[in-house]
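**Student:** Got a structure for you, data.csv, holding CSV, C-alpha atoms.
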```
chain,number,residue,atom,x,y,z
A,169,MET,CA,-197.7,94.6,-23.0
A,170,ALA,CA,-194.1,94.7,-24.3
A,171,LYS,CA,-192.9,97.8,-26.0
A,172,TYR,CA,-190.6,97.7,-29.0
A,173,HIS,CA,-188.3,100.4,-30.5
A,174,ASP,CA,-189.3,101.1,-34.1
A,175,HIS,CA,-187.1,104.2,-34.7
A,176,LEU,CA,-183.6,102.8,-34.2
A,177,GLN,CA,-181.3,103.3,-37.1
A,178,TYR,CA,-178.1,101.5,-38.1
A,179,HIS,CA,-175.0,103.5,-39.0
A,180,GLU,CA,-171.8,102.8,-41.0
A,181,ASP,CA,-169.3,100.6,-39.3
A,182,THR,CA,-166.3,102.9,-38.9
A,183,THR,CA,-164.4,100.7,-36.4
A,184,GLU,CA,-160.8,100.1,-37.5
A,185,LYS,CA,-160.0,96.4,-37.6
A,186,HIS,CA,-156.7,94.6,-37.0
A,187,VAL,CA,-155.4,91.0,-36.9
A,188,LEU,CA,-155.3,89.5,-33.4
A,189,THR,CA,-152.1,90.3,-31.6
A,190,GLU,CA,-150.1,87.9,-29.4
A,191,LYS,CA,-151.1,90.0,-26.3
A,192,GLU,CA,-154.8,89.6,-27.2
A,193,ILE,CA,-154.5,85.9,-27.8
A,194,GLN,CA,-152.8,85.5,-24.4
A,195,PHE,CA,-155.7,87.5,-22.8
A,196,LEU,CA,-158.2,85.1,-24.5
A,197,LEU,CA,-156.3,82.1,-23.2
A,198,LYS,CA,-156.3,83.4,-19.7
A,199,LEU,CA,-160.0,84.3,-19.9
A,200,GLN,CA,-160.9,81.0,-21.3
A,201,LYS,CA,-159.1,79.1,-18.5
A,202,GLU,CA,-160.9,81.2,-15.9
A,203,MET,CA,-164.3,80.7,-17.5
A,204,ASN,CA,-163.8,77.0,-17.9
A,205,THR,CA,-162.5,76.3,-14.4
A,206,GLN,CA,-164.4,78.7,-12.1
A,207,ASP,CA,-167.1,77.5,-9.8
A,208,THR,CA,-170.4,77.3,-11.6
A,209,VAL,CA,-172.3,78.0,-8.4
A,210,GLY,CA,-175.1,75.9,-9.8
A,211,ASN,CA,-175.9,78.3,-12.7
A,212,ALA,CA,-176.2,77.1,-16.3
A,213,ASP,CA,-174.4,78.5,-19.3
A,214,PRO,CA,-174.1,81.2,-20.6
A,215,ARG,CA,-173.1,82.3,-17.1
A,216,PHE,CA,-172.2,85.9,-16.1
A,217,TRP,CA,-171.8,87.9,-12.9
A,218,VAL,CA,-173.3,91.1,-11.6
A,219,ILE,CA,-173.2,93.0,-8.3
A,220,LYS,CA,-176.2,92.5,-6.1
A,221,GLY,CA,-177.1,94.2,-2.8
A,222,THR,CA,-180.0,96.0,-1.2
A,223,GLU,CA,-181.4,99.5,-1.3
A,224,LYS,CA,-183.8,101.3,1.1
A,225,GLU,CA,-187.4,101.8,0.1
A,226,TYR,CA,-188.7,104.6,2.3
A,227,GLY,CA,-192.3,105.5,3.2
A,228,ILE,CA,-193.0,102.2,5.0
A,229,GLU,CA,-195.7,102.2,7.6
A,230,THR,CA,-194.5,101.7,11.2
A,231,GLY,CA,-194.7,98.1,12.2
A,232,TYR,CA,-193.8,96.9,8.7
A,233,GLU,CA,-190.4,98.4,8.4
A,234,ASP,CA,-187.0,96.6,8.3
A,235,GLY,CA,-185.3,99.6,9.9
A,236,ALA,CA,-185.4,103.4,10.4
A,237,ASP,CA,-183.1,106.2,9.7
A,238,LEU,CA,-182.8,109.4,11.7
A,239,VAL,CA,-183.1,112.4,9.3
A,240,ASP,CA,-182.2,116.0,9.8
A,241,ASP,CA,-184.9,117.8,7.8
A,242,GLY,CA,-183.0,121.1,8.1
A,243,GLY,CA,-180.1,119.7,6.1
A,244,CYS,CA,-182.0,117.0,4.3
A,245,ASP,CA,-179.4,114.5,5.6
A,246,THR,CA,-179.5,111.0,7.0
A,247,VAL,CA,-177.6,111.4,10.2
A,248,ALA,CA,-178.0,108.0,11.8
A,249,THR,CA,-179.0,104.5,10.6
A,250,ASP,CA,-179.2,102.7,14.0
A,251,MET,CA,-179.3,103.5,17.7
A,252,GLU,CA,-175.5,103.3,18.1
A,253,SER,CA,-174.9,105.8,15.2
A,254,ALA,CA,-177.6,108.0,16.6
A,255,MET,CA,-175.8,108.1,20.0
A,256,ILE,CA,-172.5,109.0,18.3
A,257,TYR,CA,-174.2,111.7,16.2
A,258,ILE,CA,-175.8,113.3,19.3
A,259,GLN,CA,-172.6,113.0,21.3
A,260,ASP,CA,-170.3,114.5,18.6
A,261,ASP,CA,-172.6,117.1,16.9
A,262,LEU,CA,-175.4,118.2,19.3
A,263,LEU,CA,-174.8,117.5,23.0
A,264,ASP,CA,-172.3,120.3,23.7
A,265,GLU,CA,-174.6,122.8,22.0
A,266,ILE,CA,-177.6,121.6,24.0
A,267,SER,CA,-175.6,121.9,27.2
A,268,ARG,CA,-174.5,125.4,26.4
A,269,THR,CA,-178.1,126.4,25.8
A,270,ASP,CA,-179.4,125.5,29.2
A,271,GLY,CA,-176.2,125.2,31.2
A,272,ILE,CA,-176.7,121.6,32.1
A,273,GLN,CA,-173.9,119.1,31.4
A,274,ARG,CA,-175.1,115.8,30.0
A,275,LYS,CA,-173.6,112.4,29.6
A,276,ILE,CA,-174.8,110.0,26.8
A,277,GLU,CA,-174.1,106.3,26.6
A,278,MET,CA,-175.4,103.0,25.3
A,279,VAL,CA,-177.0,100.8,28.0
A,280,THR,CA,-178.5,97.3,28.0
A,281,GLY,CA,-182.2,97.3,27.0
A,282,ILE,CA,-184.8,94.5,27.1
A,283,PHE,CA,-184.4,93.6,23.4
A,284,HIS,CA,-181.5,95.7,22.2
A,285,PRO,CA,-179.1,98.4,23.5
A,286,ASN,CA,-180.8,101.7,24.4
A,287,ILE,CA,-179.5,105.3,24.4
A,288,ARG,CA,-179.3,106.9,27.9
A,289,ILE,CA,-178.8,110.6,28.5
A,290,SER,CA,-178.1,111.6,32.2
A,291,TRP,CA,-177.4,114.8,34.0
A,292,ASN,CA,-177.2,116.5,37.4
A,293,GLU,CA,-179.4,119.5,38.0
A,294,ASN,CA,-179.5,121.3,41.4
A,295,GLY,CA,-177.9,118.2,43.0
A,296,PHE,CA,-180.5,115.8,41.6
A,297,GLU,CA,-179.6,113.0,39.2
A,298,ASP,CA,-182.0,112.6,36.3
A,299,ALA,CA,-182.0,110.7,33.0
A,300,VAL,CA,-183.9,109.8,29.9
A,301,GLU,CA,-183.7,106.5,28.0
A,302,PHE,CA,-184.6,105.9,24.4
A,303,ASP,CA,-185.7,102.4,23.2
A,304,ASN,CA,-186.2,103.3,19.5
A,305,MET,CA,-185.4,105.9,16.9
A,306,GLU,CA,-188.8,107.6,17.1
A,307,GLU,CA,-188.1,108.4,20.8
A,308,VAL,CA,-184.7,109.9,19.8
A,309,ALA,CA,-186.4,112.1,17.2
A,310,ASP,CA,-189.0,113.2,19.7
A,311,TRP,CA,-186.4,114.3,22.2
A,312,LEU,CA,-184.4,116.1,19.6
A,313,ARG,CA,-187.5,118.1,18.5
A,314,GLU,CA,-188.0,119.0,22.2
A,315,GLN,CA,-184.5,120.5,22.1
A,316,GLY,CA,-185.4,122.6,19.0
A,317,TYR,CA,-183.9,120.4,16.3
A,318,ASP,CA,-185.9,119.5,13.1
A,319,HIS,CA,-185.4,115.7,13.0
A,320,ARG,CA,-187.7,112.9,12.0
A,321,VAL,CA,-187.6,109.2,11.4
A,322,ALA,CA,-187.8,107.6,7.9
A,323,ASN,CA,-188.9,104.0,8.0
A,324,TYR,CA,-187.7,101.8,5.2
A,325,ARG,CA,-187.9,98.3,3.8
A,326,ALA,CA,-184.6,96.6,2.5
A,327,VAL,CA,-185.2,95.6,-1.1
A,328,SER,CA,-182.9,93.4,-3.1
A,329,LYS,CA,-181.2,95.2,-6.0
A,330,ILE,CA,-179.1,94.1,-9.0
A,331,TYR,CA,-176.9,97.2,-9.7
A,332,PRO,CA,-177.2,98.5,-13.3
A,333,ASP,CA,-174.2,98.8,-15.5
A,334,THR,CA,-172.5,95.8,-13.9
A,335,MET,CA,-171.7,92.7,-16.0
A,336,PHE,CA,-168.6,90.4,-15.8
A,337,LEU,CA,-167.5,87.3,-17.6
A,338,THR,CA,-166.0,85.8,-14.4
A,339,GLN,CA,-166.6,85.8,-10.7
A,340,LYS,CA,-163.0,86.8,-10.2
A,341,ALA,CA,-163.4,90.0,-12.2
A,342,ALA,CA,-166.6,90.9,-10.5
A,343,GLU,CA,-165.0,90.5,-7.1
A,344,LYS,CA,-162.0,92.5,-8.1
A,345,HIS,CA,-164.3,95.3,-9.2
A,346,LEU,CA,-166.3,95.2,-6.0
A,347,ARG,CA,-163.2,95.3,-3.8
A,348,ALA,CA,-162.0,98.4,-5.7
A,349,ASN,CA,-165.4,100.2,-5.7
A,350,ASP,CA,-167.2,98.9,-2.6
A,351,TYR,CA,-168.1,102.5,-1.6
A,352,HIS,CA,-170.5,102.7,-4.6
A,353,TYR,CA,-172.6,99.8,-3.2
A,354,SER,CA,-174.6,98.7,-0.1
A,355,ASP,CA,-172.8,97.1,2.8
A,356,ASP,CA,-174.1,93.7,1.9
A,357,ALA,CA,-173.2,93.9,-1.8
A,358,HIS,CA,-171.8,90.7,-3.3
A,359,THR,CA,-171.1,89.1,-6.6
A,360,TYR,CA,-174.1,87.3,-8.1
A,361,ALA,CA,-174.2,84.7,-10.9
A,362,MET,CA,-176.9,84.9,-13.6
A,363,THR,CA,-177.7,83.1,-16.8
A,364,ALA,CA,-178.5,84.7,-20.2
A,365,VAL,CA,-181.6,82.6,-20.8
A,366,ARG,CA,-182.7,82.2,-24.4
A,367,SER,CA,-180.1,84.6,-25.8
A,368,PRO,CA,-178.6,82.9,-28.9
A,369,GLU,CA,-176.0,85.6,-29.5
A,370,VAL,CA,-174.6,85.4,-26.0
A,371,GLU,CA,-174.7,81.6,-26.1
A,372,SER,CA,-172.7,81.5,-29.3
A,373,LEU,CA,-170.2,84.0,-28.1
A,374,TRP,CA,-169.7,82.1,-24.8
A,375,LYS,CA,-169.1,78.9,-26.8
A,376,ILE,CA,-166.5,80.7,-28.9
A,377,LEU,CA,-164.7,82.1,-25.9
A,378,ARG,CA,-164.7,78.7,-24.1
A,379,GLU,CA,-164.1,76.2,-26.9
A,380,VAL,CA,-161.9,77.8,-29.6
A,381,ASP,CA,-158.3,76.7,-29.4
A,382,TRP,CA,-156.8,80.2,-29.2
A,383,SER,CA,-153.3,78.7,-28.7
A,384,ALA,CA,-153.4,77.6,-32.3
A,385,LEU,CA,-153.2,81.2,-33.3
A,386,LEU,CA,-149.9,81.6,-31.6
A,387,HIS,CA,-148.4,79.0,-33.9
A,388,PRO,CA,-150.8,78.9,-36.8
A,389,GLN,CA,-151.0,76.1,-39.3
A,390,LEU,CA,-149.7,77.2,-42.7
A,391,CYS,CA,-151.2,76.3,-46.1
A,392,GLU,CA,-149.7,76.8,-49.5
A,393,PRO,CA,-152.7,77.3,-51.7
A,394,GLU,CA,-153.1,75.3,-54.9
A,395,TYR,CA,-152.4,77.7,-57.8
A,396,LEU,CA,-155.5,78.4,-60.0
A,397,GLY,CA,-154.5,81.5,-62.0
A,398,GLU,CA,-154.1,85.2,-62.0
A,399,ASN,CA,-156.5,88.1,-61.8
A,400,THR,CA,-154.7,90.7,-63.8
A,401,ALA,CA,-157.4,93.2,-63.4
A,402,ILE,CA,-156.6,93.7,-59.7
A,403,GLY,CA,-153.1,92.1,-59.7
A,404,CYS,CA,-153.5,89.1,-57.5
A,405,ARG,CA,-153.1,85.3,-57.6
A,406,ILE,CA,-156.0,83.0,-57.2
A,407,GLY,CA,-155.6,79.7,-55.3
A,408,LYS,CA,-157.5,77.0,-53.5
A,409,CYS,CA,-157.0,76.4,-49.8
A,410,GLN,CA,-156.6,72.9,-48.4
A,411,CYS,CA,-160.2,73.1,-47.2
A,412,GLY,CA,-161.4,73.8,-50.7
A,413,ASN,CA,-162.2,77.5,-50.3
A,414,ILE,CA,-161.1,79.9,-53.1
A,415,VAL,CA,-158.6,82.4,-51.8
A,416,ARG,CA,-156.6,85.3,-53.3
A,417,SER,CA,-153.1,86.5,-52.6
A,418,TYR,CA,-154.2,89.5,-50.7
A,419,HIS,CA,-155.7,87.2,-48.1
A,420,ASP,CA,-153.5,86.4,-45.1
A,421,PHE,CA,-155.9,83.8,-43.7
A,422,CYS,CA,-158.5,81.5,-45.2
A,423,SER,CA,-162.0,83.0,-44.4
A,424,GLU,CA,-163.4,79.5,-44.2
A,425,CYS,CA,-161.0,77.5,-42.0
A,426,GLY,CA,-158.8,80.3,-40.6
A,427,THR,CA,-155.6,78.7,-41.8
A,428,LYS,CA,-152.7,81.1,-42.4
A,429,LEU,CA,-151.9,81.3,-46.2
A,430,GLU,CA,-148.3,81.1,-47.4
A,431,TRP,CA,-148.2,82.5,-50.9
A,432,GLY,CA,-144.4,82.6,-51.4
A,433,ASN,CA,-144.0,79.7,-53.8
A,434,VAL,CA,-147.5,79.8,-55.4
A,435,HIS,CA,-147.3,80.7,-59.0
A,436,GLY,CA,-148.1,79.4,-62.5
```
Using structure tokens, write down the structure from this file.

**Tutor:**
Amino acid sequence: MAKYHDHLQYHEDTTEKHVLTEKEIQFLLKLQKEMNTQDTVGNADPRFWVIKGTEKEYGIETGYEDGADLVDDGGCDTVATDMESAMIYIQDDLLDEISRTDGIQRKIEMVTGIFHPNIRISWNENGFEDAVEFDNMEEVADWLREQGYDHRVANYRAVSKIYPDTMFLTQKAAEKHLRANDYHYSDDAHTYAMTAVRSPEVESLWKILREVDWSALLHPQLCEPEYLGENTAIGCRIGKCQCGNIVRSYHDFCSECGTKLEWGNVHG
């Protein structure tokens, strides 16, 4: 059952307003062109973009996992995400320490396995060559525990994820954000188009952004209102715009049609 907020409260609008500047109009024109010409990727309006990727859901039973990470329980760190990174981790962080402990020099490398590359560790002890080979991450963790290290395997399933706090009006802006902030996302993160279904507010806003002739504001049509009289109480002239709307001399634009009002020659 849906839950609804019943304790939200409105507050006074204290935002300072201003007339659209030329810079803002140019921004709206550029945005409009991008929105109206970009690839729709098969999505209906009102279309927007988010960042989508995957995240790991741990605790998956062996045999049902998409992958496995090697975890150092001592430091609570993921130290490897595949066999190659496990080999590099052992080579760079552990192998010398293990060899110093028992005096046996070891060599570690990736070798060809039946289904995928394996890790092979070889050594020479008392003139005899010996080696161990690991086919999966569980075998790597078992060997590390034999060497006295507290490591385990964490199975995971890769789950699709739409990242929160991402929302873009254009694919171009979404991709620019992803290129600049890719370290926040999964390796397979990408821009993803969605539609604000049954959202009248968003649909109306999108129509305004896409259909209003913003260029007309750069060279607005002027209207000299028809003089109707004076309001001496507040010291203003009253007139009628060409659209029929009643306007006053403290208005710069008609609130009905948006035409700029020219009051210079309007008098009784």

**Student:** Between A:Ala401, A:Gln339, A:Lys191, A:His319, single out the one closest to Leu238 (chain A), counting only C-alpha atoms.

**Tutor:**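 Closest residue, counting only C-alpha atoms: A:His319.
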
**Student:** Show me the residues close to (-167.4, 81.6, -20.2) - anything with an atom within 7 Å, counting only C-alpha atoms - and format the list as a PyMOL selection string.

**Tutor:** chain A and resi 200+203-204+214-215+337+374+377-378

**Student:** Quick one: residues within 7 Å of region 426-435 of chain A, only C-alpha atoms, excluding same-chain residues fewer than 2 positions away - as a list in words?

**Tutor:** Pro388, Gln389, Leu390, Cys391, Glu392, Pro393, Tyr395, Ser417, Asp420, Phe421, Cys422, Ser423 and Glu424 of chain A

**Student:** What is the CA of Ile256 (chain A) to CA of Met278 (chain A) distance in Å?

**Tutor:**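 Going from CA of Ile256 (chain A) over to CA of Met278 (chain A) covers 9.7 Å.
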
**Student:** For Gly295 (chain A), which of A:Gly242, A:Thr205, A:Ile228, A:Ile272 is the closest residue, counting only C-alpha atoms?

**Tutor:**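 Of A:Gly242, A:Thr205, A:Ile228, A:Ile272, the one nearest Gly295 (chain A) is A:Ile272, counting only C-alpha atoms.
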
**Student:** Counting all atoms listed in the file, which residue out of A:Ile193, A:Ile266, A:Ile219, A:Asp381 sits closest to Pro332 (chain A)?

**Tutor:** A:Ile219

**Student:** Excluding Arg416 (chain A) and its own-chain neighbours fewer than 2 positions away, which residues fall within 9 Å of it when counting only C-alpha atoms? Please give them as a list in words.

**Tutor:**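 Here the qualifying residues turn out to be Asn399, Cys404, Arg405, Ile406, Gly407, Lys408, Ile414, Tyr418, His419 and Asp420 of chain A.
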